[in-house]
Amino acid sequence: MNKKIQLQDIGRKDYKETWEYQETLFKEILDIKIKNRREDAGLSTPNHFLFVEHPHVYTLGKSGDISNLLLSEEQLEEKEATFYKINRGGDITYHGPGQIVGYPILDLDNFFTDIHKYLRFLEEMVILTLAEYDINATRSEGETGVWIDVGTPFARKICAMGVRASRWVTMHGFALNINANLGYFDHIIPCGIKDKTVTSLHVELGVDRVDVDEVKAKLLKHFTTLFEAEFIPQKAEI
């Protein structure tokens, strides 16, 4: 099993371009797995982890409801935002500046073959990271992602998640609000959940800005522990 993960921080990048790059890496892993199965080639499969920040974009998962987007095409243009229907699970979400988006493209045969466990580990990575800022974040039963003040009228989501998996290979991932402009969430029903709101780490801490690189380092630390993995930094390829 290969538990080394090639890490790329690709900075701010268009959503569609990043999605296509994910698909390329995803297919490369699948092709190796198919070759191994057909030819008993014994080839090792790589793992990847992408950090990215997107320009304003709304994405709708394959099971999502388009009515949860509250903007017309003209209004999207006015907000300088784009919209894509994509092939992950989940409903609608927003990505934009001030948000850490992480895309683990892993062969879970290298770790464990359990999608439920995979999602819970991603959530735990975020929960442990936020705890370092004295933020008591938790899961919300039946709702993927990470929340604050669950079970109260003030419940709010700080991290959204949605993944796709085929032959135990994953893509898509998580979006953690760090210095996000929360006004952009007003134009959707986030994740299709009408009675809960969203928040950002800088709002919870009452500061103008949180150091994004510091948060990334904490996320990677906890990911490494949970997945018993090793990150190998790579030069960004897109």
# chains A, B, ... in the order shown; residues from 1 in each chain; ligands from 1

$ select_by_dssp --residues "range 17-219 of chain A" --states "strand (DSSP E or B)" --output "VMD selection string"
chain A and resid 48 to 53 57 to 60 69 82 to 85 92 to 95 99 to 105 107 137 to 140 143 to 148 156 to 166 169 to 177 188 197 to 198

$ residues_around --residues "Leu71 in chain A" --least-positions-apart "4" --cutoff "9 Å" --atoms "only C-alpha atoms" --output "list in words"
Gln75, Leu76, His187 and Ile188 of chain A

$ select_by_dssp --residues "range 114-236 of chain A" --states "alpha helix (DSSP H)" --output "number ranges by chain"
A: 115-131, 201-205, 212-227

$ write_last_selection --atoms "C-alpha atoms" --output "mmCIF file, in the first residue's frame"
data_model
loop_
_atom_site.group_PDB
_atom_site.id
_atom_site.type_symbol
_atom_site.label_atom_id
_atom_site.label_comp_id
_atom_site.auth_asym_id
_atom_site.auth_seq_id
_atom_site.Cartn_x
_atom_site.Cartn_y
_atom_site.Cartn_z
ATOM 1 C CA ILE A 115 -16.377 5.754 2.205
ATOM 2 C CA HIS A 116 -18.265 6.439 5.430
ATOM 3 C CA LYS A 117 -15.005 6.270 7.390
ATOM 4 C CA TYR A 118 -13.315 8.457 4.770
ATOM 5 C CA LEU A 119 -15.904 11.225 5.189
ATOM 6 C CA ARG A 120 -15.781 10.986 8.987
ATOM 7 C CA PHE A 121 -11.975 11.314 8.869
ATOM 8 C CA LEU A 122 -12.227 14.431 6.701
ATOM 9 C CA GLU A 123 -14.678 15.893 9.187
ATOM 10 C CA GLU A 124 -12.432 14.941 12.101
ATOM 11 C CA MET A 125 -9.463 16.646 10.429
ATOM 12 C CA VAL A 126 -11.443 19.892 10.351
ATOM 13 C CA ILE A 127 -12.855 19.461 13.866
ATOM 14 C CA LEU A 128 -9.361 18.934 15.296
ATOM 15 C CA THR A 129 -8.007 21.918 13.365
ATOM 16 C CA LEU A 130 -10.741 24.235 14.623
ATOM 17 C CA ALA A 131 -10.181 22.996 18.184
ATOM 18 C CA LEU A 201 -13.401 31.185 11.036
ATOM 19 C CA HIS A 202 -12.580 34.891 11.027
ATOM 20 C CA VAL A 203 -16.143 35.685 12.125
ATOM 21 C CA GLU A 204 -16.035 33.103 14.916
ATOM 22 C CA LEU A 205 -12.720 34.512 16.152
ATOM 23 C CA VAL A 212 -4.665 30.721 5.753
ATOM 24 C CA ASP A 213 -1.271 29.011 5.493
ATOM 25 C CA GLU A 214 -1.342 28.343 9.225
ATOM 26 C CA VAL A 215 -4.739 26.660 8.906
ATOM 27 C CA LYS A 216 -3.537 24.567 5.959
ATOM 28 C CA ALA A 217 -0.568 23.343 8.001
ATOM 29 C CA LYS A 218 -2.878 22.286 10.832
ATOM 30 C CA LEU A 219 -5.217 20.478 8.429
ATOM 31 C CA LEU A 220 -2.323 18.545 6.908
ATOM 32 C CA LYS A 221 -0.997 17.629 10.357
ATOM 33 C CA HIS A 222 -4.283 16.091 11.396
ATOM 34 C CA PHE A 223 -4.846 14.430 8.012
ATOM 35 C CA THR A 224 -1.404 12.802 8.300
ATOM 36 C CA THR A 225 -2.244 11.386 11.720
ATOM 37 C CA LEU A 226 -5.720 10.158 10.839
ATOM 38 C CA PHE A 227 -4.761 8.533 7.545
#

$ residues_around --residues "Glu230 in chain A" --least-positions-apart "6" --cutoff "9 Å" --atoms "only C-alpha atoms" --output "PDB file with N, CA and C atoms, in the first residue's frame"
ATOM      1  N   LYS A   3       1.104   4.930   0.962  1.00  0.00           N
ATOM      2  CA  LYS A   3       0.467   5.961   1.787  1.00  0.00           C
ATOM      3  C   LYS A   3       1.131   7.319   1.630  1.00  0.00           C
ATOM      4  N   LYS A   4       1.962   7.462   0.616  1.00  0.00           N
ATOM      5  CA  LYS A   4       2.531   8.768   0.307  1.00  0.00           C
ATOM      6  C   LYS A   4       1.544   9.529  -0.577  1.00  0.00           C
ATOM      7  N   ILE A   5       1.416  10.815  -0.296  1.00  0.00           N
ATOM      8  CA  ILE A   5       0.444  11.659  -1.012  1.00  0.00           C
ATOM      9  C   ILE A   5       1.170  12.856  -1.611  1.00  0.00           C
ATOM     10  N   GLN A   6       1.022  13.038  -2.909  1.00  0.00           N
ATOM     11  CA  GLN A   6       1.628  14.175  -3.588  1.00  0.00           C
ATOM     12  C   GLN A   6       0.765  15.420  -3.343  1.00  0.00           C
ATOM     13  N   THR A 224      -2.514  13.757   8.236  1.00  0.00           N
ATOM     14  CA  THR A 224      -1.404  12.802   8.300  1.00  0.00           C
ATOM     15  C   THR A 224      -1.604  11.792   9.423  1.00  0.00           C
TER      16      THR A 224
END

$ closest_residue --among "A:Glu143, A:Glu74, A:Asp134, A:Asp14" --to "Cys159 in chain A" --atoms "only C-alpha atoms"
A:Glu143

$ residues_around --residues "range 25-30 of chain A" --least-positions-apart "6" --cutoff "8 Å" --atoms "only C-alpha atoms" --output "PyMOL selection string"
chain A and resi 45-46+48+105+107+167+169-171

$ atom_distance --atom1 "CA of Gly61 in chain A" --atom2 "CA of Ala175 in chain A"
14.0 Å

$ atom_distance --atom1 "CA of Ser63 in chain A" --atom2 "CA of Gly90 in chain A"
6.2 Å

$ residues_around --residues "range 18-21 of chain A" --least-positions-apart "6" --cutoff "10 Å" --atoms "only C-alpha atoms" --output "ChimeraX atom specification"
/A:10,12,27,50,52-54,86-87,103,171-172,237-238

$ closest_residue --among "A:Phe231, A:Trp168, A:Tyr84, A:Phe185" --to "Ile66 in chain A" --atoms "only C-alpha atoms"
A:Tyr84

$ residues_around --residues "Leu69 in chain A" --least-positions-apart "6" --cutoff "9 Å" --atoms "only C-alpha atoms" --output "list in words"
Tyr58, Leu60, Ile92, His187, Ile188, Ile189 and Pro190 of chain A
